[in-house]
$ cat work-v5.cif   # mmCIF, C-alpha atoms
data_coords
#
loop_
_atom_site.label_atom_id
_atom_site.label_comp_id
_atom_site.auth_asym_id
_atom_site.auth_seq_id
_atom_site.Cartn_x
_atom_site.Cartn_y
_atom_site.Cartn_z
CA MET A 739 103.26 92.40 138.69
CA ARG A 740 103.29 88.60 138.45
CA VAL A 741 106.36 86.63 137.38
CA SER A 742 104.87 86.19 133.90
CA GLU A 743 104.54 89.97 133.48
CA LEU A 744 108.04 90.46 134.89
CA SER A 745 109.28 88.06 132.22
CA VAL A 746 107.52 89.95 129.42
CA GLU A 747 108.63 93.38 130.68
CA SER A 748 112.26 92.34 131.18
CA GLY A 749 112.62 89.98 128.22
CA VAL A 750 114.06 87.36 130.60
CA ALA A 751 112.52 83.86 130.48
CA ILE A 752 110.53 82.71 133.55
CA ALA A 753 112.85 79.75 134.10
CA THR A 754 115.82 82.12 134.11
CA ILE A 755 114.10 84.46 136.57
CA LYS A 756 113.48 81.48 138.88
CA TYR A 757 117.14 80.52 138.58
CA TYR A 758 118.21 84.05 139.57
CA LEU A 759 115.82 83.90 142.55
CA ARG A 760 117.31 80.57 143.70
CA GLU A 761 120.88 81.84 143.26
CA GLY A 762 120.09 84.99 145.25
CA LEU A 763 120.93 87.30 142.32
CA LEU A 764 117.33 88.55 142.30
CA HIS A 765 115.53 89.42 145.55
CA GLN A 766 112.29 87.57 146.35
CA GLY A 767 108.94 89.16 145.45
CA ARG A 768 106.31 90.04 148.03
CA GLN A 769 104.41 86.84 148.78
CA ILE A 770 100.68 87.64 148.39
CA ALA A 771 99.39 84.06 148.28
CA ALA A 772 100.85 80.60 148.80
CA THR A 773 101.68 80.26 145.11
CA ARG A 774 101.86 83.86 144.04
CA ALA A 775 104.45 86.60 144.53
CA GLU A 776 104.28 90.21 143.45
CA TYR A 777 107.22 91.89 141.70
CA ASP A 778 107.91 95.57 141.14
CA ASP A 779 110.25 98.02 139.40
CA SER A 780 113.13 97.07 141.69
CA HIS A 781 113.03 93.57 140.16
CA LEU A 782 113.00 95.00 136.65
CA ARG A 783 116.01 97.19 137.44
CA ARG A 784 117.86 94.24 138.95
CA LEU A 785 117.17 92.05 135.90
CA ARG A 786 118.48 94.81 133.62
CA LEU A 787 121.68 94.94 135.67
CA ILE A 788 122.13 91.15 135.62
CA ARG A 789 121.71 91.12 131.85
CA ALA A 790 124.24 93.93 131.44
CA LEU A 791 126.81 92.08 133.60
CA LEU A 792 126.13 88.77 131.87
CA GLU A 793 125.70 89.71 128.22
CA VAL A 794 127.78 92.85 127.83
CA GLY A 795 130.27 92.45 130.69
CA ARG A 796 130.48 88.69 130.05
CA LEU A 797 131.07 88.11 133.76
CA PRO A 798 130.72 84.63 135.25
CA VAL A 799 127.79 84.14 137.66
CA ALA A 800 130.18 84.03 140.66
CA SER A 801 131.44 87.54 139.80
CA ILE A 802 127.90 88.79 139.19
CA LYS A 803 127.00 87.58 142.68
CA LYS A 804 129.81 89.67 144.18
CA VAL A 805 128.66 92.77 142.30
CA ILE A 806 125.04 92.20 143.37
CA GLU A 807 126.15 91.81 146.99
CA ALA A 808 127.93 95.16 146.76
CA VAL A 809 124.79 96.75 145.29
CA ASP A 810 122.68 95.30 148.13
CA ASP A 811 125.11 96.34 150.87
CA GLU A 812 123.83 99.86 151.49
CA SER A 813 126.61 100.46 154.03
CA LEU A 814 129.07 100.39 151.12
CA SER A 815 129.65 103.82 149.52
CA VAL A 816 128.68 104.26 145.87
CA HIS A 817 132.39 104.54 145.07
CA LEU A 818 133.27 101.18 146.65
CA MET A 819 130.22 99.57 145.05
CA LEU A 820 131.31 100.80 141.62
CA GLY A 821 134.87 99.66 142.36
CA THR A 822 133.62 96.11 142.97
CA ALA A 823 131.98 96.08 139.54
CA GLN A 824 134.95 97.76 137.87
CA TYR A 825 137.49 95.28 139.28
CA ALA A 826 135.27 92.35 138.26
CA LEU A 827 135.48 93.53 134.64
CA GLY A 828 139.28 93.26 134.51
CA PRO A 829 141.23 90.06 133.95
CA THR A 830 142.73 88.25 136.95
CA ILE A 831 146.46 88.98 136.97
CA GLU A 832 149.12 87.00 138.80
CA PRO A 833 152.06 89.31 139.60
CA GLU A 834 155.38 87.84 138.45
CA PRO A 835 157.81 88.87 141.20
CA GLY A 836 161.25 89.96 140.03
CA ASP A 837 163.18 93.07 139.06
CA GLU A 838 161.37 93.46 135.72
CA TRP A 839 157.96 93.34 137.40
CA GLU A 840 158.98 95.70 140.20
CA ALA A 841 160.35 98.25 137.73
CA ALA A 842 157.18 98.18 135.64
CA ARG A 843 154.99 98.40 138.74
CA GLY A 844 157.04 101.40 139.88
CA GLN A 845 156.40 102.98 136.49
CA VAL A 846 152.63 102.43 136.86
CA ASP A 847 152.58 103.90 140.37
CA LEU A 848 154.63 106.90 139.23
CA LEU A 849 152.33 107.52 136.24
CA ILE A 850 149.24 107.48 138.47
CA ALA A 851 150.93 109.80 140.98
CA GLU A 852 152.07 112.23 138.27
CA LEU A 853 148.51 112.43 136.95
CA GLY A 854 147.20 112.99 140.48
CA TRP A 855 144.74 110.10 140.05
CA ASP A 856 142.91 108.84 143.12
CA VAL A 857 143.34 105.07 142.71
CA SER A 858 143.48 102.53 145.54
CA PRO A 859 147.03 101.20 146.18
CA ASP A 860 145.52 97.70 146.00
CA ALA A 861 143.61 98.19 142.74
CA PRO A 862 144.13 95.05 140.59
CA THR A 863 144.13 97.38 137.58
CA ARG A 864 147.63 98.49 138.65
CA ASP A 865 148.85 94.90 138.21
CA GLU A 866 147.01 94.61 134.92
CA LEU A 867 148.81 97.63 133.49
CA THR A 868 152.09 96.41 135.00
CA GLN A 869 151.80 93.13 133.11
CA THR A 870 151.20 94.90 129.81
CA ILE A 871 154.20 97.18 130.39
CA VAL A 872 156.44 94.18 131.18
CA ARG A 873 155.35 92.56 127.91
CA MET A 874 155.91 95.77 125.92
CA GLY A 875 159.39 96.15 127.41
CA GLN A 876 160.31 92.54 126.59
CA LEU A 877 159.24 93.17 122.99
CA GLY A 878 161.32 96.33 122.72
CA MET A 879 158.31 98.67 122.52
CA SER A 880 158.22 102.12 124.08
CA THR A 881 156.45 102.00 127.43
CA ASP A 882 155.87 105.72 127.71
CA LEU A 883 152.11 105.79 128.23
CA MET A 884 151.62 109.38 129.37
CA VAL A 885 149.80 110.44 126.17
CA TYR A 886 147.52 107.39 126.45
CA ALA A 887 146.82 108.09 130.12
CA GLN A 888 145.96 111.73 129.46
CA THR A 889 143.72 110.68 126.57
CA ALA A 890 141.94 108.10 128.72
CA GLN A 891 141.41 110.73 131.42
CA LYS A 892 139.90 113.15 128.92
CA LEU A 893 137.42 110.61 127.52
CA VAL A 894 136.46 109.33 130.94
CA THR A 895 135.94 112.72 132.58
CA GLU A 896 134.36 114.47 129.60
CA VAL A 897 132.17 111.69 128.22
CA GLU A 898 131.95 108.39 130.07
CA MET A 899 131.43 109.39 133.70
CA ASP A 900 128.71 111.83 132.72
CA THR A 901 126.62 108.85 131.62
CA VAL A 902 126.72 107.35 135.15
CA PRO A 903 123.71 108.45 137.29
CA PHE A 904 125.43 108.71 140.69
CA ASP A 905 122.29 109.96 142.41
CA GLY A 906 119.80 107.38 141.13
CA PRO A 907 119.18 103.78 142.24
CA ARG A 908 122.41 101.90 142.97
CA GLU A 909 121.69 99.35 140.22
CA ALA A 910 121.43 102.09 137.62
CA ALA A 911 124.88 103.49 138.44
CA VAL A 912 126.55 100.06 138.23
CA GLU A 913 124.72 99.21 135.03
CA ALA A 914 125.77 102.45 133.34
CA LEU A 915 129.38 102.01 134.48
CA VAL A 916 129.59 98.44 133.17
CA LEU A 917 127.90 99.22 129.85
CA GLY A 918 130.06 102.32 129.37
CA THR A 919 133.31 100.57 130.25
CA VAL A 920 132.73 97.61 127.97
CA LEU A 921 130.91 99.16 124.99
CA TYR A 922 132.92 102.39 124.72
CA GLY A 923 135.99 100.15 125.02
CA ARG A 924 134.85 97.95 122.14
CA ALA A 925 133.90 100.94 120.01
CA PHE A 926 137.26 102.61 120.64
CA ASP A 927 139.14 99.44 119.78
CA ALA A 928 137.34 99.16 116.42
CA LEU A 929 137.91 102.88 115.76
CA ARG A 930 141.65 102.49 116.44
CA ARG A 931 141.85 99.69 113.87
CA LEU A 932 139.88 101.74 111.34
CA ALA A 933 142.28 104.65 111.91
CA HIS A 934 145.22 102.22 111.49
CA GLU A 935 143.88 101.11 108.13
CA SER A 936 143.36 104.66 106.96
CA GLU A 937 146.77 105.86 108.13
CA SER A 938 148.48 102.85 106.57
CA ALA A 939 146.69 103.63 103.29
CA ARG A 940 148.03 107.19 103.45
CA ARG A 941 151.58 106.12 104.13
CA VAL A 942 151.97 103.18 101.74
CA GLY A 943 149.11 103.40 99.25
CA GLY A 944 145.33 102.99 99.44
CA SER A 945 143.30 99.82 99.52
CA ASP A 946 141.16 100.34 96.44
CA ASP A 947 143.64 101.92 94.05
CA THR A 948 144.94 100.14 90.99
CA SER A 949 148.44 99.74 92.38
CA ARG A 950 147.62 96.68 94.42
CA LYS A 951 150.01 94.52 92.44
CA GLU A 952 153.03 96.77 92.67
CA PRO A 953 156.02 95.45 94.59
CA SER A 954 156.08 96.32 98.27
CA GLY A 955 157.97 99.36 99.34
CA SER A 956 157.90 101.17 96.00
CA ASP A 957 155.59 103.97 97.08
CA GLN A 958 156.76 104.73 100.57
CA ALA A 959 155.72 108.15 101.81
CA THR A 960 159.01 108.69 103.59
CA MET B 726 172.96 78.42 111.80
CA ARG B 727 171.71 74.92 112.65
CA VAL B 728 168.20 74.26 113.96
CA SER B 729 169.58 73.93 117.50
CA GLU B 730 171.12 77.41 117.29
CA LEU B 731 167.92 78.79 115.75
CA SER B 732 166.06 77.38 118.73
CA VAL B 733 168.44 79.02 121.24
CA GLU B 734 168.44 82.37 119.41
CA SER B 735 164.64 82.49 119.00
CA GLY B 736 163.65 80.88 122.29
CA VAL B 737 161.37 78.54 120.33
CA ALA B 738 161.68 74.80 121.06
CA ILE B 739 163.11 72.60 118.26
CA ALA B 740 159.92 70.48 118.14
CA THR B 741 157.88 73.67 117.68
CA ILE B 742 160.20 74.89 114.91
CA LYS B 743 159.75 71.54 113.13
CA TYR B 744 155.97 71.87 113.48
CA TYR B 745 156.09 75.34 111.91
CA LEU B 746 158.21 73.94 109.06
CA ARG B 747 155.69 71.14 108.42
CA GLU B 748 152.73 73.57 108.59
CA GLY B 749 154.42 75.93 106.11
CA LEU B 750 154.49 78.80 108.61
CA LEU B 751 158.30 78.81 108.52
CA HIS B 752 160.19 78.52 105.23
CA GLN B 753 162.61 75.63 104.81
CA GLY B 754 166.30 76.16 105.52
CA ARG B 755 169.02 75.72 102.89
CA GLN B 756 169.77 71.97 102.70
CA ILE B 757 173.55 71.58 103.07
CA ALA B 758 173.61 67.83 103.76
CA ALA B 759 171.08 65.01 103.79
CA THR B 760 170.31 65.56 107.45
CA ARG B 761 171.33 69.15 107.92
CA ALA B 762 169.76 72.46 106.93
CA GLU B 763 171.13 75.93 107.42
CA TYR B 764 168.95 78.74 108.80
CA ASP B 765 169.51 82.49 108.77
CA ASP B 766 168.16 85.81 110.01
CA SER B 767 165.03 85.49 107.85
CA HIS B 768 164.05 82.46 109.93
CA LEU B 769 164.66 84.33 113.17
CA ARG B 770 162.48 87.23 111.95
CA ARG B 771 159.72 84.83 110.92
CA LEU B 772 159.77 83.07 114.29
CA ARG B 773 159.50 86.45 116.05
CA LEU B 774 156.43 87.26 113.93
CA ILE B 775 154.79 83.88 114.58
CA ARG B 776 155.29 84.33 118.34
CA ALA B 777 153.81 87.83 118.19
CA LEU B 778 150.73 86.59 116.30
CA LEU B 779 150.35 83.57 118.57
CA GLU B 780 151.17 84.91 122.02
CA VAL B 781 150.22 88.58 121.85
CA GLY B 782 147.64 88.54 119.02
CA ARG B 783 146.25 85.20 120.27
CA LEU B 784 145.42 84.24 116.68
CA PRO B 785 144.57 80.64 115.80
CA VAL B 786 147.10 78.83 113.57
CA ALA B 787 144.73 79.03 110.58
CA SER B 788 144.69 82.84 110.80
CA ILE B 789 148.47 82.96 111.30
CA LYS B 790 148.83 80.97 108.09
CA LYS B 791 146.79 83.59 106.19
CA VAL B 792 148.93 86.41 107.57
CA ILE B 793 152.15 84.53 106.71
CA GLU B 794 150.87 83.93 103.16
CA ALA B 795 150.28 87.67 102.80
CA VAL B 796 153.80 88.36 104.06
CA ASP B 797 155.24 85.87 101.55
CA ASP B 798 153.18 87.17 98.62
CA GLU B 799 155.52 89.92 97.47
CA SER B 800 153.01 90.96 94.79
CA LEU B 801 150.77 92.19 97.61
CA SER B 802 151.38 95.81 98.61
CA VAL B 803 152.55 96.52 102.15
CA HIS B 804 149.14 98.11 102.80
CA LEU B 805 147.19 95.00 101.78
CA MET B 806 149.59 92.78 103.71
CA LEU B 807 149.05 94.84 106.86
CA GLY B 808 145.29 94.80 106.22
CA THR B 809 145.32 91.00 106.23
CA ALA B 810 146.95 91.01 109.66
CA GLN B 811 144.73 93.81 110.96
CA TYR B 812 141.50 92.10 109.89
CA ALA B 813 142.67 88.80 111.44
CA LEU B 814 142.95 90.57 114.81
CA GLY B 815 139.27 91.58 114.88
CA PRO B 816 136.41 89.31 115.90
CA THR B 817 134.31 87.61 113.21
CA ILE B 818 131.03 89.50 112.95
CA GLU B 819 127.81 88.22 111.41
CA PRO B 820 125.75 91.18 110.17
CA GLU B 821 122.16 91.06 111.46
CA PRO B 822 120.11 92.36 108.53
CA GLY B 823 117.24 94.67 109.40
CA ASP B 824 116.47 98.36 109.80
CA GLU B 825 118.37 98.70 113.06
CA TRP B 826 121.53 97.20 111.51
CA GLU B 827 121.25 99.25 108.34
CA ALA B 828 120.84 102.49 110.31
CA ALA B 829 123.87 101.75 112.48
CA ARG B 830 125.92 100.72 109.44
CA GLY B 831 124.93 104.00 107.76
CA GLN B 832 126.14 105.83 110.85
CA VAL B 833 129.52 104.04 110.68
CA ASP B 834 129.94 104.81 106.98
CA LEU B 835 129.02 108.46 107.56
CA LEU B 836 131.47 108.80 110.46
CA ILE B 837 134.32 107.38 108.36
CA ALA B 838 133.40 109.66 105.45
CA GLU B 839 133.18 112.74 107.68
CA LEU B 840 136.64 112.02 109.05
CA GLY B 841 137.98 111.52 105.53
CA TRP B 842 139.37 108.11 106.48
CA ASP B 843 140.61 105.82 103.72
CA VAL B 844 139.00 102.53 104.73
CA SER B 845 137.96 99.74 102.36
CA PRO B 846 134.17 99.52 101.88
CA ASP B 847 134.49 95.80 102.65
CA ALA B 848 136.53 96.19 105.83
CA PRO B 849 135.09 93.79 108.46
CA THR B 850 135.93 96.46 111.05
CA ARG B 851 132.94 98.45 109.71
CA ASP B 852 130.64 95.56 110.70
CA GLU B 853 132.38 95.25 114.04
CA LEU B 854 131.69 98.89 114.90
CA THR B 855 128.15 98.56 113.53
CA GLN B 856 127.42 95.72 115.94
CA THR B 857 128.65 97.74 118.92
CA ILE B 858 126.53 100.74 117.89
CA VAL B 859 123.42 98.53 117.55
CA ARG B 860 124.01 97.22 121.06
CA MET B 861 124.57 100.73 122.46
CA GLY B 862 121.36 101.94 120.85
CA GLN B 863 119.36 99.02 122.25
CA LEU B 864 120.65 99.86 125.72
CA GLY B 865 119.73 103.52 125.40
CA MET B 866 123.34 104.75 125.29
CA SER B 867 124.49 107.68 123.18
CA THR B 868 126.03 106.44 119.94
CA ASP B 869 127.78 109.69 119.05
CA LEU B 870 131.33 108.43 118.64
CA MET B 871 132.95 111.43 116.94
CA VAL B 872 135.09 112.37 119.97
CA TYR B 873 136.25 108.75 120.25
CA ALA B 874 137.04 108.56 116.55
CA GLN B 875 139.06 111.78 116.63
CA THR B 876 140.91 110.57 119.70
CA ALA B 877 141.69 107.23 118.05
CA GLN B 878 142.98 109.05 114.99
CA LYS B 879 145.25 111.24 117.09
CA LEU B 880 146.82 108.31 118.96
CA VAL B 881 147.21 106.23 115.82
CA THR B 882 148.76 108.95 113.65
CA GLU B 883 150.91 110.57 116.36
CA VAL B 884 152.12 107.50 118.22
CA GLU B 885 151.21 104.05 116.97
CA MET B 886 151.92 104.21 113.25
CA ASP B 887 155.32 105.75 113.87
CA THR B 888 156.35 102.49 115.50
CA VAL B 889 155.68 100.53 112.27
CA PRO B 890 158.82 100.24 110.08
CA PHE B 891 157.18 100.46 106.64
CA ASP B 892 160.50 100.34 104.80
CA GLY B 893 162.06 97.34 106.55
CA PRO B 894 161.47 93.61 106.08
CA ARG B 895 157.77 92.78 105.59
CA GLU B 896 157.71 90.62 108.74
CA ALA B 897 158.92 93.52 110.86
CA ALA B 898 156.09 95.81 109.73
CA VAL B 899 153.40 93.18 110.44
CA GLU B 900 154.96 92.31 113.78
CA ALA B 901 155.05 95.96 114.89
CA LEU B 902 151.45 96.53 113.75
CA VAL B 903 150.13 93.49 115.63
CA LEU B 904 152.09 94.23 118.81
CA GLY B 905 151.06 97.89 118.72
CA THR B 906 147.39 97.16 118.04
CA VAL B 907 147.05 94.59 120.82
CA LEU B 908 149.35 95.96 123.53
CA TYR B 909 148.50 99.65 123.21
CA GLY B 910 144.86 98.52 123.20
CA ARG B 911 145.32 96.57 126.43
CA ALA B 912 147.24 99.41 128.06
CA PHE B 913 144.58 101.93 127.07
CA ASP B 914 141.81 99.74 128.39
CA ALA B 915 143.50 99.46 131.80
CA LEU B 916 144.18 103.21 131.81
CA ARG B 917 140.52 103.95 131.11
CA ARG B 918 139.48 101.82 134.09
CA LEU B 919 142.07 103.52 136.31
CA ALA B 920 140.72 106.91 135.21
CA HIS B 921 137.18 105.67 135.93
CA GLU B 922 138.18 104.74 139.45
CA SER B 923 139.84 108.08 140.05
CA GLU B 924 136.99 110.11 138.61
CA SER B 925 134.43 108.11 140.58
CA ALA B 926 136.46 108.81 143.75
CA ARG B 927 136.35 112.53 142.98
CA ARG B 928 132.62 112.55 142.39
CA VAL B 929 131.38 110.34 145.22
CA GLY B 930 134.22 110.03 147.71
CA GLY B 931 137.67 108.42 147.69
CA SER B 932 138.55 104.80 148.20
CA ASP B 933 140.77 105.10 151.25
CA ASP B 934 139.05 107.84 153.21
CA THR B 935 137.25 107.23 156.49
CA SER B 936 133.80 107.79 155.02
CA ARG B 937 133.50 104.31 153.56
CA LYS B 938 130.57 103.46 155.78
CA GLU B 939 128.44 106.46 155.04
CA PRO B 940 125.16 105.87 153.25
CA SER B 941 125.29 106.04 149.48
CA GLY B 942 124.48 109.30 147.82
CA SER B 943 125.21 111.53 150.80
CA ASP B 944 128.29 113.22 149.38
CA GLN B 945 127.41 113.69 145.74
CA ALA B 946 129.49 116.30 143.96
CA THR B 947 126.48 117.64 142.10
#

$ encode --input "work-v5.cif" --output "structure tokens"
Amino acid sequence: MRVSELSVESGVAIATIKYYLREGLLHQGRQIAATRAEYDDSHLRRLRLIRALLEVGRLPVASIKKVIEAVDDESLSVHLMLGTAQYALGPTIEPEPGDEWEAARGQVDLLIAELGWDVSPDAPTRDELTQTIVRMGQLGMSTDLMVYAQTAQKLVTEVEMDTVPFDGPREAAVEALVLGTVLYGRAFDALRRLAHESESARRVGGSDDTSRKEPSGSDQAT
Amino acid sequence: MRVSELSVESGVAIATIKYYLREGLLHQGRQIAATRAEYDDSHLRRLRLIRALLEVGRLPVASIKKVIEAVDDESLSVHLMLGTAQYALGPTIEPEPGDEWEAARGQVDLLIAELGWDVSPDAPTRDELTQTIVRMGQLGMSTDLMVYAQTAQKLVTEVEMDTVPFDGPREAAVEALVLGTVLYGRAFDALRRLAHESESARRVGGSDDTSRKEPSGSDQAT
């Protein structure tokens, strides 16, 4: 198809497609005349992936480039390709060396070992969880995350990973992983806050009852 | 205590304390001389809450003000006070009227009803979940979120809400809710991505094995 058809099919503006071609995010079409190139399904798939990384993953173009390079590098296993995308989705964490950090990092490594998870020793996600545990400890919160880890494992193995087509085109696997990671994450976050509201209503009185003006603490459940 | 002691005890700089006093986020101390005010534990608690909202919740000062007003309004039930904080933590969502939006919103309302959750009909969290479901549908993802909702309910009722001291000072309840919502959310998000990595390793080959250079798709589990 011509670039104009590619634009219609993908919903991406022609100027944007040309930008992706210049930046190397999208591979060139087959040149069939001096001023005309032919595009195919591989370009459509690639544009879908770029949109997913950009609009849903909210990744900067530099990170998208790294993910695309991993997709294009066929010598890279599917697992390492997905890892590149997965790491790009997390925040960049600077470890804060010191006893507190080391203790929390030890806790993260122990948790992963106890669960028998196969996670790279260098995974930046280990540092990300370490930072959150340090913060929780400083604020006097419990840092026992075993129930959360087991719950995450259950959702990931029983629902999320089944949506990733490991045996299809490489773009499709990355796209599904990124969409699943981000959108299931957002949905779960909203659901947790809805459950908070409901549980709070149960414990200290509902939101739409007539008792809204009563003094606080008068109808505690416990 | 004097403002200098309040600063040492809270870890908040004197200039920042004075800014909070001017903005009405922190209540005035008891004036014991023309140039000297006396502060007490209620000021320490309030400063802890402001830091939690600012540093962990990452709320803008305008939103913090609304939460503080709800804490100070003793005619507001604990439930409505917590709701003010909870809603402030979510993103601001503009509904996108149309059939797609209405269908997704209907799905959210049905899910909440099926679970028997006590959630205000006006809760902005309903719109937040609606928006995510619309996006998932557009991308061809399954929007069946019942397993996620049940999982959220389990974590919230069995772990998170037990950390909220409903019968203590109002600040303490809000502080615990905000810290729990944000930090457990961050921890869970990192745990999900760790579980993704592990499960991906199981299905298509580990991260630190010697097969990293094999062509993609050659060792699929299925």

$ residues_around --input "work-v5.cif" --residues "Glu794 (chain B)" --least-positions-apart "5" --cutoff "12 Å" --atoms "all atoms listed in the file" --output "PyMOL selection string"
chain B and resi 748-752+771+787-789+799-801+805-807+809-810+895-896

$ write_last_selection --input "work-v5.cif" --atoms "C-alpha atoms" --output "PDB file, in the coordinates of the input"
ATOM      1  CA  GLU B 748     152.730  73.570 108.590  1.00  0.00           C
ATOM      2  CA  GLY B 749     154.420  75.930 106.110  1.00  0.00           C
ATOM      3  CA  LEU B 750     154.490  78.800 108.610  1.00  0.00           C
ATOM      4  CA  LEU B 751     158.300  78.810 108.520  1.00  0.00           C
ATOM      5  CA  HIS B 752     160.190  78.520 105.230  1.00  0.00           C
ATOM      6  CA  ARG B 771     159.720  84.830 110.920  1.00  0.00           C
ATOM      7  CA  ALA B 787     144.730  79.030 110.580  1.00  0.00           C
ATOM      8  CA  SER B 788     144.690  82.840 110.800  1.00  0.00           C
ATOM      9  CA  ILE B 789     148.470  82.960 111.300  1.00  0.00           C
ATOM     10  CA  GLU B 799     155.520  89.920  97.470  1.00  0.00           C
ATOM     11  CA  SER B 800     153.010  90.960  94.790  1.00  0.00           C
ATOM     12  CA  LEU B 801     150.770  92.190  97.610  1.00  0.00           C
ATOM     13  CA  LEU B 805     147.190  95.000 101.780  1.00  0.00           C
ATOM     14  CA  MET B 806     149.590  92.780 103.710  1.00  0.00           C
ATOM     15  CA  LEU B 807     149.050  94.840 106.860  1.00  0.00           C
ATOM     16  CA  THR B 809     145.320  91.000 106.230  1.00  0.00           C
ATOM     17  CA  ALA B 810     146.950  91.010 109.660  1.00  0.00           C
ATOM     18  CA  ARG B 895     157.770  92.780 105.590  1.00  0.00           C
ATOM     19  CA  GLU B 896     157.710  90.620 108.740  1.00  0.00           C
TER      20      GLU B 896
END

$ closest_residue --input "work-v5.cif" --among "B:Thr817, B:Thr868, B:Gln811, B:Thr888" --to "Arg931 (chain A)" --atoms "all atoms listed in the file"
B:Gln811

$ closest_atom_pairs --input "work-v5.cif" --of "chain A" --to "chain B" --cutoff "6 Å" --atoms "only C-alpha atoms" --output "Markdown table"
| residue | atom | partner | partner_atom | distance |
| --- | --- | --- | --- | --- |
| A:Ser813 | CA | B:Lys938 | CA | 5.3 |
| A:Leu814 | CA | B:Lys938 | CA | 5.8 |
| A:Ser815 | CA | B:Ser941 | CA | 4.9 |
| A:Val816 | CA | B:Ser941 | CA | 5.3 |
| A:His817 | CA | B:Val929 | CA | 5.9 |
| A:Trp855 | CA | B:Ser923 | CA | 5.3 |
| A:Asp856 | CA | B:Ser923 | CA | 4.4 |
| A:Val857 | CA | B:Ser923 | CA | 5.3 |
| A:Leu867 | CA | B:Ala915 | CA | 5.9 |
| A:Ala887 | CA | B:Leu916 | CA | 5.8 |
| A:Ala890 | CA | B:Arg917 | CA | 5.0 |
| A:Gln891 | CA | B:Ala920 | CA | 5.4 |
| A:Asp905 | CA | B:Gly942 | CA | 5.9 |
| A:Ala925 | CA | B:Leu854 | CA | 5.9 |
| A:Ala928 | CA | B:Leu854 | CA | 5.9 |
| A:Leu929 | CA | B:Ala874 | CA | 5.8 |
| A:Arg930 | CA | B:Ala877 | CA | 5.0 |
| A:Ala933 | CA | B:Gln878 | CA | 5.4 |
| A:Ser936 | CA | B:Asp843 | CA | 4.4 |
| A:Val942 | CA | B:His804 | CA | 5.9 |
| A:Arg950 | CA | B:Ser802 | CA | 5.7 |
| A:Lys951 | CA | B:Ser800 | CA | 5.2 |
| A:Pro953 | CA | B:Ser800 | CA | 5.4 |
| A:Ser954 | CA | B:Ser802 | CA | 4.7 |

$ resolve_selection --input "work-v5.cif" --expression "the PyMOL selection byres ((chain B and resi 739-747) around 10)" --output "list in words"
Val728, Ser729, Glu730, Leu731, Ser732, Val733, Ser735, Gly736, Val737, Ala738, Glu748, Gly749, Leu750, Leu751, His752, Gln753, Gly754, His768, Leu772, Ile775, Val786 and Lys790 of chain B

$ atom_distance --input "work-v5.cif" --atom1 "CA of Ala762 (chain B)" --atom2 "CA of Glu734 (chain B)"
16.0 Å

$ atom_distance --input "work-v5.cif" --atom1 "CA of Leu769 (chain B)" --atom2 "CA of Gly878 (chain A)"
15.7 Å

$ atom_distance --input "work-v5.cif" --atom1 "CA of Glu793 (chain A)" --atom2 "CA of Ile806 (chain A)"
15.4 Å
